[in-house]
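**Q** Pasting in a structure now, in structure tokens, and then I'll have a few things to ask.
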Amino acid sequence: MTNTGASASATVPRWIPGVNSQKKQMCFDWGPGEMLVCETSFNKKEKSEMVAGCPFIHIIRKDIDVYSKILRKLFNESHGIFVGLQRIEEELTGKSRKAQLVRVSKNYRSVIRACMEEMHQFAVADKDSAIGRQFSSQVSILSAVELIWNLCEILFIEVAPAGPLLLYLLDWVRLHVCEVDSLSADVLGSENPSKHESFWNLVTTLVLQGRLDEARQMLSKEADSNPTSAGMCRVLGDLMRTMPILSPGNTQTLTELELRWQHWHEECERHLQDGTFASNPHLESLCKVLLGDDAALLEHKELLSNWYHFLVTRLLYSQPTVKPMDLHLYAQSSLDLFLGGESSPEPLDNILMAAFEFDIHQVIKECSIALSNWWFVAHLTDLLDHCKLLQSHNLYFGSNMREFLLLEYASGLFAHHSLWQLGVDYCDHCPELGRVSLELHIERIPLTTEQKALKVLRVCEQRQMTEQVRSICKVLAMKAVRNNRLGSALSWSIRAKDAAFATLVSDRFLRDYCERGCFSDLDLIDNLGPAMMLSDRLTFLGKYREFHRLYGEKCFVDAASLLLSLMTSQIAPRSFWMTLLTDALPLLEQKQVIFSAEQTYELLRCLEDLTSGRPLCGEPDAQQLQDDDIETTKVEILRLALARNLARSIIKEGSLEGS
Amino acid sequence: MFVARSIAADHKDLIHDVSFDFHGRRMATCSSDQSVKVRAEPGSKRDLARPATHSGSVWRVTWAHPEFGQVLASCSFDRTAAVWEEIVGESNDKLRGQSHWVKRTTLVDSRTSVTDVKFAPKHMGLMLATCSADGIVRIYEAPDVMNLSQWSLQHEISCKLSCSCISWNPSSSRAHAPMIAVGSDDSSPNAMAKVQIFEYNENTRKYAKAETLLTVTDPVHDIAFAPNLGRSFHILAIATKDVRIFTLKPVRKELTSSGGPTKFEIHIVAQFDNHNSQVWRVSWNITGTVLASSGDDGCVRLWKANYMDNWKCTGILKGNGSPVNGSSQQGNSNPSVGSNIPSLQNSLNGSSAGR
């Protein structure tokens with residue numbers, strides 16, 4: 001099935017400075033975390049215009065959230081919660097599992113709030129600058145995120161039934177519409193609270209939020225300072241006091257509650273009809289609020305400030321035992337009434353509405369569209385998946401969606417120089433696509449320091465990602481060779497188990513030795529241990545160095561045997577034999593006899609082997625003649641030394657001890 | 001949402017291609033000023049590289065995998081492709097630590113402009129392919145990785161049509177033989193096979209044609225296999241008069257036919273004409289989840305499939321011609337944890353509708 005392009009209006013262009021899209025086009029290339037863009041002209045290929053146009057390379061970085069210091073804390077802490085969640089015991093079922101999942105949800109939310117707090121400090125400190133404004137808007141967005149998450153927790157994770165549902169929703173609203181606290185402080189702090197200009201606003205707000213005890217206290221202050229209304233205040237206060245409400249731990253059934261509530265509602269109605277509060281418009285309005293009168297509530301739009309507050313207040317005073325399944329009806333009507341046809345719903349409204357409709361997938365989809373960072377949808381979806389909610393919605397791609405979102409989020413983390421380590425864990429917990437995603441990302445991490453390289457390699461080795469280990473070590477070994485750091489190159493080759501490259505580096509070492517007469521990186525070569533076996537050349541290098549050490553420690557006999565064995569065991573490359581034989585000279589010239597007769601015969605044999613194998617090629621030139629000359633002299637010297645040693649060793653071996 | 005920063009490219013003429021190295025640390029550009037330049041981040045160890053030069057406009061530049069060291073390849077109107085290697089100064093002379101680029105080899109087999117050059121996936125060794133306006137794709141190999149001046153021409157594939165672009169299949173699974181896709185921008189109406197796919201045959205040791213995408217009849221400007229995330233099938237994107245995305249599912253080989261190339265089931269999964277003009281480049285991100293395309297409308301568009309395999313445009317980059325100031329520029333700096341649609345943040349400040 002072919003997809004045709006989605007409506008272009010869905011995306012707003014991002015502007016690249018300097019590029020003239022009217023006349024030119026852009027060439028581009030992807031990097032692991034960024035994209036390169038350059039102005040070009042695709043059509044005019046043949047002639048060059050000698051017009052540079054925009055001679056800039058633009059580097060576009062998409063996941064900038066990753067680079068925010070404050071958000072980094074959010075990413076780090078939520079990572080901890082995520083990993084903990086994955087490890088929750090599968091056996092836990094029913095109530096204890098639910099309690100644990102609710103706890104996880106609350107942990108996430110507290111992390112969001114902590115982040116908001118910190119950002120708020122920065123926003124306030126830097127009020128007038130662009131950065132301060134940026135922080136401000138980030139705070140707003142995080143606030144929206146927490147609002148949505150909180151609602152999802154109530155509806156999907158807590159799965160609050162009718163009755164407690166309203167109490168949770170009340171808490172939810174109180175948490176997010178919190179100007180009332182500062183207002184309260186203002187009013188109560190004044191000399192004559194009930195005369196404060198915002199007094200009635202405060203009382204109304206308290207009633208709208210169902211904080212009836214506090215409202216009653218306010219009313220008593222009004223009663224004290226205004227005797228004429230004292231009686232009415234008392235009556236209203238009583239109504240407030242006697243409103244039946246489900247309290248936690250209350251053993252009454254919903255039916256009982258409904259009955260009592262109905263009676264109470266009728267009593268309020270009676271007072272209104274009798275005109276008890278007729279002389280005080282404020283009090284009368286409050287009574288109408290208690291009755292859940294829509295018109296009265298809408299008069300206080302400013303105080304409600306949003307439709308979901310309106311919804312919860314409506315429910316509190318007209319449908320306190322609302323069932324979860326019926327929520328969406330009230331939600332829709334609340335939204336419509338509140339907007340009043342003057343404006344249309346915004347993204348946040350759509351997300352909340354989808355939640356009230358218990359359409360989890362719609363919630364996730366809308367959030368994915370509205371937010372640029374995958375953090376929120378990835379973690380929320382993962383949590384909902386643990387609640388087994390995605391599967392119960394009968395969509396076969398349930399687990400795919402979770403992985404899709406988590407890996408999207410993780411991709412952004414890999415671009416960061418230290419957060420990549422968090423990304424690894426997210427990949428680990430995606431059984432289908434996590435590993436291959438990790439394989440692709442981990443090779444791209446720039447290995448700027450040795451420490452980082454070791455960390456990356458450890459991650460790969462722990463997961464048996466042998467190909468990645470090999471590749472990364474190879475890249476490092478190659479870089480070392482190019483920078484002539486042979487020791488480093490050798491150790492990386494060994495770690496990569498790359499025999500061919502180890503041979504190459506060993507050859508370089510040997511060449512260096514021939515040119516300079518000494519070894520570099522002695523420490524490394526001396527401590528090769530079993531790694532020496534990786535390649536023949538490497539073994540030779542190690543053993544040759546050992547020969548030099550033995551010679552230096554004056555263990556001449558051992559050194560001599562080692563030297564000989566290097567040739568007879570064929571470990572030494574042919575090209576090196578002359579050097580080895582030349583190394584034997586000082587041992588042959590010693591006062592004491594070091595090489596035995598048999599060993600001397602072996603050495604002679606090696607020498608013959610070497611010299612007889614020399615091909616005679618055409619007309620030798622001057623340089624070659626000179627080289628040949630040197631060679632011949634060397635060979636002669638060796639022959640002489642070997643002959644002398646042979647004589648001495650025969651005599652020594654033939655003599656009796658002590659003579 | 002995103003931040004753009006700008007670095008001076010230092011070319012005296014039109015830039016034709018830009019390429020990020022494997023780790024995203026260095027950038028190579030090539031231009032009609034006949035040079036290839038390498039840049040690193042300003043402030044980091046800068047490449048004060050002597051420019052690498054051709055004798056004609058340089059069309060494309062590409063990096064080899066860092067397993068082979070710091071190696072670049074470029075192709076040019078001057079009928080050659082070249083391989084460049086970075087040399088670091090000896091530690092015992094004045095140039096210590098500084099690097100410059102040396103041309104290691106010039107590949108002169110083509111009789112016409114060389115239009116594209118691409119390195120093969122690293123598991124194939126150090127190998128590259130070039131394609132030319134003379135309709136021939138040439139595959140070269142450097143048998144000794146430490147000696148980049150020795151390259152041998154291993155294969156010549158005749159495509160019969162002027163070639164504009166090539167793409168190696170990056171899949172390193174042993175289940176797939178090496179594959180290369182070739183696009184042609186030949187505009188003659190008789191030219192039918194604008195997209196051809198060749199596959200390497202172990203037995204004949206040659207590349208043989210596996211498929212032709214017959215539904216693509218307009219000139220093709222760019223072609224790109226997607227990185228394989230463990231899929232059993234391949235995804236190929238094509239830049240032609242629109243953006244097209246195909247899937248190629250290998251048909252299970254009968255046990256008897258061991259000789260011929262793999263047959264594929266070809267499906268088109270997306271076709272986008274949003275550019276409303278010729279599309280010149282297509283390229284996949286490193287996980288193969290997002291495709292970027294660039295068209296005559298001066299835009300770069302990003303395409304992504306969601307978890308239900310529905311493809312959609314998820315971003316547009318466009319030049320607004322405003323001047324670039326210095327080395328850092330904020331482009332459209334929407335707030336972070338940000339909102340595509342700023343109103344999400346408005347509807348929170350308690351000002352949803354109502355106000």
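Chain labels A, B, ... are given in the sequence in which chains occur in the structure tokens; within each chain residues are numbered consecutively from 1, and ligands are likewise numbered from 1 in the order shown.
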Determine, counting only C-alpha atoms, which protein, DNA and RNA residues have an atom within 8 Å of an atom of Ser35 (chain B); residues of the same chain fewer than 3 positions away are not included. Present the result as a PDB file with all heavy atoms, in the first residue's frame.
**A**
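Dumped everything to result_33.pdb:
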ATOM      1  N   HIS B  11      35.394  27.673   0.302  1.00  0.00           N
ATOM      2  CA  HIS B  11      35.516  27.368  -1.120  1.00  0.00           C
ATOM      3  C   HIS B  11      35.274  28.626  -1.928  1.00  0.00           C
ATOM      4  O   HIS B  11      34.519  29.508  -1.524  1.00  0.00           O
ATOM      5  CB  HIS B  11      34.498  26.303  -1.538  1.00  0.00           C
ATOM      6  CG  HIS B  11      34.923  24.915  -1.194  1.00  0.00           C
ATOM      7  ND1 HIS B  11      35.925  24.252  -1.855  1.00  0.00           N
ATOM      8  CD2 HIS B  11      34.462  24.055  -0.250  1.00  0.00           C
ATOM      9  CE1 HIS B  11      36.080  23.049  -1.331  1.00  0.00           C
ATOM     10  NE2 HIS B  11      35.209  22.900  -0.358  1.00  0.00           N
ATOM     11  N   CYS B  30      33.368  19.384  -1.273  1.00  0.00           N
ATOM     12  CA  CYS B  30      34.037  19.458  -2.568  1.00  0.00           C
ATOM     13  C   CYS B  30      33.295  20.457  -3.438  1.00  0.00           C
ATOM     14  O   CYS B  30      32.119  20.717  -3.234  1.00  0.00           O
ATOM     15  CB  CYS B  30      34.076  18.085  -3.239  1.00  0.00           C
ATOM     16  SG  CYS B  30      32.453  17.413  -3.611  1.00  0.00           S
ATOM     17  N   SER B  31      34.016  21.013  -4.400  1.00  0.00           N
ATOM     18  CA  SER B  31      33.463  22.196  -5.057  1.00  0.00           C
ATOM     19  C   SER B  31      33.882  22.314  -6.510  1.00  0.00           C
ATOM     20  O   SER B  31      34.753  21.600  -6.997  1.00  0.00           O
ATOM     21  CB  SER B  31      33.945  23.423  -4.272  1.00  0.00           C
ATOM     22  OG  SER B  31      33.885  24.578  -5.049  1.00  0.00           O
ATOM     23  N   SER B  32      33.222  23.266  -7.167  1.00  0.00           N
ATOM     24  CA  SER B  32      33.612  23.576  -8.540  1.00  0.00           C
ATOM     25  C   SER B  32      34.950  24.286  -8.589  1.00  0.00           C
ATOM     26  O   SER B  32      35.530  24.448  -9.652  1.00  0.00           O
ATOM     27  CB  SER B  32      32.553  24.470  -9.202  1.00  0.00           C
ATOM     28  OG  SER B  32      31.602  23.677  -9.865  1.00  0.00           O
ATOM     29  N   PRO B  51      44.475  22.058   0.510  1.00  0.00           N
ATOM     30  CA  PRO B  51      43.353  21.454  -0.204  1.00  0.00           C
ATOM     31  C   PRO B  51      43.818  20.386  -1.170  1.00  0.00           C
ATOM     32  O   PRO B  51      44.889  20.455  -1.729  1.00  0.00           O
ATOM     33  CB  PRO B  51      42.735  22.633  -0.945  1.00  0.00           C
ATOM     34  CG  PRO B  51      43.787  23.668  -0.984  1.00  0.00           C
ATOM     35  CD  PRO B  51      44.646  23.464   0.200  1.00  0.00           C
ATOM     36  N   ALA B  52      42.971  19.410  -1.320  1.00  0.00           N
ATOM     37  CA  ALA B  52      43.227  18.343  -2.276  1.00  0.00           C
ATOM     38  C   ALA B  52      42.623  18.778  -3.601  1.00  0.00           C
ATOM     39  O   ALA B  52      41.524  19.311  -3.615  1.00  0.00           O
ATOM     40  CB  ALA B  52      42.560  17.069  -1.777  1.00  0.00           C
ATOM     41  N   THR B  53      43.310  18.577  -4.703  1.00  0.00           N
ATOM     42  CA  THR B  53      42.766  19.129  -5.948  1.00  0.00           C
ATOM     43  C   THR B  53      42.651  18.151  -7.093  1.00  0.00           C
ATOM     44  O   THR B  53      43.427  17.225  -7.252  1.00  0.00           O
ATOM     45  CB  THR B  53      43.624  20.299  -6.455  1.00  0.00           C
ATOM     46  OG1 THR B  53      44.966  19.848  -6.511  1.00  0.00           O
ATOM     47  CG2 THR B  53      43.521  21.495  -5.545  1.00  0.00           C
ATOM     48  N   HIS B  54      41.625  18.408  -7.854  1.00  0.00           N
ATOM     49  CA  HIS B  54      41.421  17.745  -9.140  1.00  0.00           C
ATOM     50  C   HIS B  54      41.688  18.774 -10.230  1.00  0.00           C
ATOM     51  O   HIS B  54      42.095  19.899  -9.945  1.00  0.00           O
ATOM     52  CB  HIS B  54      39.969  17.283  -9.256  1.00  0.00           C
ATOM     53  CG  HIS B  54      39.688  15.977  -8.606  1.00  0.00           C
ATOM     54  ND1 HIS B  54      39.734  14.777  -9.279  1.00  0.00           N
ATOM     55  CD2 HIS B  54      39.332  15.679  -7.337  1.00  0.00           C
ATOM     56  CE1 HIS B  54      39.419  13.792  -8.451  1.00  0.00           C
ATOM     57  NE2 HIS B  54      39.169  14.307  -7.267  1.00  0.00           N
ATOM     58  N   SER B  57      35.641  20.310 -11.823  1.00  0.00           N
ATOM     59  CA  SER B  57      34.708  20.362 -10.695  1.00  0.00           C
ATOM     60  C   SER B  57      34.658  19.008 -10.006  1.00  0.00           C
ATOM     61  O   SER B  57      34.638  17.972 -10.660  1.00  0.00           O
ATOM     62  CB  SER B  57      33.296  20.700 -11.181  1.00  0.00           C
ATOM     63  OG  SER B  57      33.225  22.018 -11.628  1.00  0.00           O
ATOM     64  N   VAL B  58      34.635  19.047  -8.685  1.00  0.00           N
ATOM     65  CA  VAL B  58      34.560  17.801  -7.933  1.00  0.00           C
ATOM     66  C   VAL B  58      33.109  17.592  -7.535  1.00  0.00           C
ATOM     67  O   VAL B  58      32.515  18.437  -6.857  1.00  0.00           O
ATOM     68  CB  VAL B  58      35.450  17.855  -6.671  1.00  0.00           C
ATOM     69  CG1 VAL B  58      35.515  16.491  -6.018  1.00  0.00           C
ATOM     70  CG2 VAL B  58      36.851  18.345  -7.042  1.00  0.00           C
TER      71      VAL B  58
END
**Q** Step one, run DSSP on the backbone; step two, keep only residues of region 5-163 of chain A assigned to strand (DSSP E); then write them as an NGL selection string.
**A** :A and (14-16 or 25-30 or 34-40 or 56-61)
**Q** Mind writing the picked residues with N, CA, C and O atoms as an mmCIF file, in the first residue's frame?
**A**
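Done, and the output landed in again-v8.cif:
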data_model
loop_
_atom_site.group_PDB
_atom_site.id
_atom_site.type_symbol
_atom_site.label_atom_id
_atom_site.label_comp_id
_atom_site.auth_asym_id
_atom_site.auth_seq_id
_atom_site.Cartn_x
_atom_site.Cartn_y
_atom_site.Cartn_z
ATOM 1 N N ARG A 14 12.002 24.688 9.301
ATOM 2 C CA ARG A 14 13.043 25.287 10.128
ATOM 3 C C ARG A 14 13.952 26.045 9.189
ATOM 4 O O ARG A 14 14.316 25.547 8.137
ATOM 5 N N TRP A 15 14.342 27.227 9.597
ATOM 6 C CA TRP A 15 15.088 28.065 8.669
ATOM 7 C C TRP A 15 16.596 27.917 8.819
ATOM 8 O O TRP A 15 17.124 27.965 9.914
ATOM 9 N N ILE A 16 17.258 27.772 7.704
ATOM 10 C CA ILE A 16 18.712 27.729 7.665
ATOM 11 C C ILE A 16 19.190 29.095 7.208
ATOM 12 O O ILE A 16 18.797 29.563 6.137
ATOM 13 N N GLN A 25 19.613 25.142 -4.067
ATOM 14 C CA GLN A 25 19.132 23.992 -3.308
ATOM 15 C C GLN A 25 20.151 23.654 -2.226
ATOM 16 O O GLN A 25 21.110 24.389 -2.021
ATOM 17 N N MET A 26 19.920 22.525 -1.570
ATOM 18 C CA MET A 26 20.849 22.154 -0.501
ATOM 19 C C MET A 26 21.326 20.719 -0.630
ATOM 20 O O MET A 26 20.533 19.820 -0.919
ATOM 21 N N CYS A 27 22.619 20.527 -0.442
ATOM 22 C CA CYS A 27 23.127 19.154 -0.321
ATOM 23 C C CYS A 27 23.316 18.910 1.165
ATOM 24 O O CYS A 27 23.446 19.841 1.943
ATOM 25 N N PHE A 28 23.311 17.660 1.578
ATOM 26 C CA PHE A 28 23.346 17.381 3.002
ATOM 27 C C PHE A 28 24.013 16.037 3.257
ATOM 28 O O PHE A 28 24.257 15.258 2.338
ATOM 29 N N ASP A 29 24.323 15.795 4.521
ATOM 30 C CA ASP A 29 24.810 14.474 4.920
ATOM 31 C C ASP A 29 24.445 14.250 6.380
ATOM 32 O O ASP A 29 24.473 15.194 7.178
ATOM 33 N N TRP A 30 24.124 13.008 6.714
ATOM 34 C CA TRP A 30 23.800 12.668 8.091
ATOM 35 C C TRP A 30 25.073 12.366 8.869
ATOM 36 O O TRP A 30 26.011 11.768 8.358
ATOM 37 N N GLU A 34 24.083 14.700 14.299
ATOM 38 C CA GLU A 34 23.822 15.982 13.655
ATOM 39 C C GLU A 34 23.694 15.791 12.154
ATOM 40 O O GLU A 34 23.919 14.709 11.635
ATOM 41 N N MET A 35 23.335 16.870 11.475
ATOM 42 C CA MET A 35 23.232 16.802 10.029
ATOM 43 C C MET A 35 23.964 17.990 9.427
ATOM 44 O O MET A 35 23.930 19.088 9.979
ATOM 45 N N LEU A 36 24.670 17.738 8.326
ATOM 46 C CA LEU A 36 25.358 18.829 7.639
ATOM 47 C C LEU A 36 24.514 19.293 6.473
ATOM 48 O O LEU A 36 23.936 18.491 5.762
ATOM 49 N N VAL A 37 24.441 20.592 6.279
ATOM 50 C CA VAL A 37 23.689 21.116 5.146
ATOM 51 C C VAL A 37 24.520 22.213 4.485
ATOM 52 O O VAL A 37 25.183 22.993 5.155
ATOM 53 N N CYS A 38 24.476 22.238 3.182
ATOM 54 C CA CYS A 38 25.282 23.204 2.448
ATOM 55 C C CYS A 38 24.481 23.691 1.254
ATOM 56 O O CYS A 38 23.775 22.905 0.617
ATOM 57 N N GLU A 39 24.644 24.971 0.932
ATOM 58 C CA GLU A 39 23.930 25.455 -0.242
ATOM 59 C C GLU A 39 24.623 24.955 -1.495
ATOM 60 O O GLU A 39 25.842 24.931 -1.575
ATOM 61 N N THR A 40 23.851 24.538 -2.471
ATOM 62 C CA THR A 40 24.439 24.091 -3.727
ATOM 63 C C THR A 40 23.467 24.384 -4.846
ATOM 64 O O THR A 40 22.430 24.998 -4.634
ATOM 65 N N PHE A 56 29.049 28.513 3.535
ATOM 66 C CA PHE A 56 29.052 27.997 4.896
ATOM 67 C C PHE A 56 28.564 26.572 4.942
ATOM 68 O O PHE A 56 27.680 26.181 4.187
ATOM 69 N N ILE A 57 29.119 25.808 5.853
ATOM 70 C CA ILE A 57 28.574 24.490 6.182
ATOM 71 C C ILE A 57 27.716 24.714 7.416
ATOM 72 O O ILE A 57 28.169 25.292 8.399
ATOM 73 N N HIS A 58 26.481 24.269 7.369
ATOM 74 C CA HIS A 58 25.611 24.412 8.529
ATOM 75 C C HIS A 58 25.473 23.070 9.222
ATOM 76 O O HIS A 58 25.225 22.055 8.574
ATOM 77 N N ILE A 59 25.653 23.082 10.518
ATOM 78 C CA ILE A 59 25.530 21.840 11.274
ATOM 79 C C ILE A 59 24.249 21.935 12.072
ATOM 80 O O ILE A 59 24.075 22.838 12.887
ATOM 81 N N ILE A 60 23.370 20.994 11.815
ATOM 82 C CA ILE A 60 22.050 21.042 12.435
ATOM 83 C C ILE A 60 21.985 19.989 13.512
ATOM 84 O O ILE A 60 22.233 18.817 13.270
ATOM 85 N N ARG A 61 21.672 20.437 14.690
ATOM 86 C CA ARG A 61 21.587 19.484 15.783
ATOM 87 C C ARG A 61 20.148 19.395 16.223
ATOM 88 O O ARG A 61 19.544 20.389 16.598
#
**Q** Using only C-alpha atoms, which of B:His123, B:Lys194, B:Arg111, B:Lys263 sits nearest chain A?
**A**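 Selected residue with least distance to chain A: B:His123.
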**Q** For His234 (chain B), work out the shell of residues within 7 Å, counting only C-alpha atoms and skipping chain neighbours fewer than 3 positions away, then give it as a short mmCIF file (atom, residue, chain, number, x, y, z; two decimals) with all heavy atoms, in the first residue's frame.
**A**
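So part_31.cif came out as:
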data_model
loop_
_atom_site.label_atom_id
_atom_site.label_comp_id
_atom_site.auth_asym_id
_atom_site.auth_seq_id
_atom_site.Cartn_x
_atom_site.Cartn_y
_atom_site.Cartn_z
N THR B 247 10.68 -1.60 -1.12
CA THR B 247 11.24 -2.71 -0.36
C THR B 247 11.56 -3.82 -1.33
O THR B 247 10.86 -4.02 -2.32
CB THR B 247 10.25 -3.27 0.69
OG1 THR B 247 9.05 -3.63 0.04
CG2 THR B 247 9.97 -2.26 1.78
N LEU B 248 12.65 -4.54 -1.04
CA LEU B 248 13.03 -5.69 -1.86
C LEU B 248 13.13 -6.89 -0.95
O LEU B 248 14.02 -6.98 -0.11
CB LEU B 248 14.38 -5.45 -2.54
CG LEU B 248 14.45 -4.40 -3.64
CD1 LEU B 248 14.67 -3.00 -3.08
CD2 LEU B 248 15.56 -4.73 -4.60
N LYS B 249 12.19 -7.82 -1.12
CA LYS B 249 12.22 -9.03 -0.30
C LYS B 249 12.83 -10.15 -1.11
O LYS B 249 12.29 -10.50 -2.18
CB LYS B 249 10.80 -9.43 0.10
CG LYS B 249 10.13 -8.49 1.07
CD LYS B 249 8.79 -9.12 1.52
CE LYS B 249 7.96 -8.35 2.51
NZ LYS B 249 7.88 -6.93 2.49
#
**Q** Excluding same-chain residues fewer than 2 positions from Ser493 (chain A), what lies within 10 Å of it counting only C-alpha atoms, as a list in words?
**A** Arg470, Cys473, Lys474, Val475, Leu476, Ala477, Met478, Gly487, Ser488, Ala489, Leu490, Ser491, Arg495, Ala496, Lys497, Asp498, Ala499, Ala500, Phe501, Ala502, Thr503, Leu504, Val505 and Leu534 of chain A
**Q** Nearest residue to chain A out of B:Ser132, B:Ser172, B:Thr262, B:Thr105, using only C-alpha atoms?
**A**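 Ranking B:Ser132, B:Ser172, B:Thr262, B:Thr105 by distance to chain A, first place goes to B:Ser172.
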**Q** Closest to chain A among B:Val269, B:Ala210, B:Val290, B:Ala129, using only C-alpha atoms?
**A** B:Val269
**Q** Compare A:Met240, A:Ala641, A:Ile445, A:Ala99 by their minimum atom-to-atom distance to chain B, counting only C-alpha atoms, and give me the closest one.
**A**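 Of A:Met240, A:Ala641, A:Ile445, A:Ala99, the one nearest chain B is A:Ile445, counting only C-alpha atoms.
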**Q** Between A:Trp261, A:Trp149, A:Tyr409, A:Tyr330, which is the closest to Thr313 (chain A) once you count only C-alpha atoms?
**A**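 Comparing A:Trp261, A:Trp149, A:Tyr409, A:Tyr330 against Thr313 (chain A), the winner is A:Tyr330.
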**Q** May I have the residues within 9 Å of Leu107 (chain B) as a list in words, using only C-alpha atoms and disregarding those fewer than 3 positions away in the same chain?
**A** Arg79, Thr80, Ala81, Ala82, Val83, Ser110, Tyr140, Trp151 and Leu153 of chain B
**Q** What lies within 7 Å of region 429-443 of chain A using only C-alpha atoms, ignoring chain neighbours under 3 positions off, as a PyMOL selection string?
**A** (chain A and resi 403+414+424-426+468+472) or (chain B and resi 229-230+287)
